[in-house]
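> Provided herewith is a single structure, encoded as structure tokens, for subsequent inquiry.
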Amino acid sequence: VAVAFTGYDHVDLEHCRKRGIAVANVPGYSTDGVAELCFGLIFSLLRHIPIAHRHVRMGNWSWPPGHELSGKSMGIIGTGDIGIRVGEIAKAFKVKKILGYDVERNPKFTEGLGGEYMLSLATLFLHADVLIVACALTPETRGLVSRKLLR
């Protein structure tokens, strides 16, 4: 089974193992595309783009102005290639801080990007204005972001 992207959480790996079926993915596929999509979603929320779209379609040219990304703290869960790329783009938008959480510390995050690791997810949620989940979906990461953290 070959998947044409990074994630393979939709493949029953145990079943493939039992049947002797090899599973392959494409590590690093579309790192830039995924990071860019993150920012599309961030700006959609910060600038109220869906609301603005509805208002304009109804002929109403007034809507809440939204917020700038500049000056905010960016929290990144998962500091692999995608998380690093998100951080690089965030710097271009002049975020105040780049905060991270990962079970494996990546020197590129601290040394190359100037990011700061938080000791816990709860601490990351407390200090970040914007959060990105950039880790693989695995049995260990499923449910990592809980309702308790979101409140």
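Note on naming: chains are A, B, ... as they come in the structure tokens, residues start from 1 per chain, ligands start from 1 in the order shown.
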Using only C-alpha atoms, determine which residues lie at most 7 Å from segment 132-149 of chain A, disregarding the query and same-chain residues fewer than 5 positions distant; provide the list as a VMD selection string.

chain A and resid 7 9 75 to 78 82 to 83 122 125

> Could you tell me how far atom CA of Arg105 of chain A sits from atom CA of Glu14 of chain A, in Å to one decimal place?

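Distance between the two atoms: 28.4 Å.
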
> Could you please determine the separation between atom CA of Thr31 of chain A and atom CA of Ala90 of chain A in Å, to one decimal place?

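Answer for the atom CA of Thr31 of chain A to atom CA of Ala90 of chain A separation: 14.6 Å.
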
> Could you build a table of the residues in segment 84-147 of chain A lying no more than 7 Å from segment 50-71 of chain A, giving for each the nearest pair of atoms and their separation in Å rounded to one decimal place, using only C-alpha atoms, ordered by chain and ascending residue number, as a tab-separated table?


```
residue	atom	partner	partner_atom	distance
A:Phe93	CA	A:Ser70	CA	5.6
A:Lys94	CA	A:Ser70	CA	4.9
A:Val95	CA	A:Gly71	CA	4.7
A:Lys96	CA	A:Gly71	CA	4.5
```

> I'd like the interatomic distance between atom CA of Thr110 of chain A and atom CA of Ile98 of chain A, to a tenth of an Å.

9.4 Å

> Name the residues in contact with Tyr8 of chain A at a cut-off of 9 Å, using only C-alpha atoms, excluding same-chain residues fewer than 3 positions from it; report them as JSON, numbers by chain.

{"A": [3, 5, 11, 12, 13, 23, 24, 25, 136, 137]}

> Which residue gives the smallest distance to Gly100 of chain A among A:Ser30, A:Thr79, A:Ser44, A:Ser73, with only C-alpha atoms counted?

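Among A:Ser30, A:Thr79, A:Ser44, A:Ser73, it is A:Thr79 that comes nearest to Gly100 of chain A.
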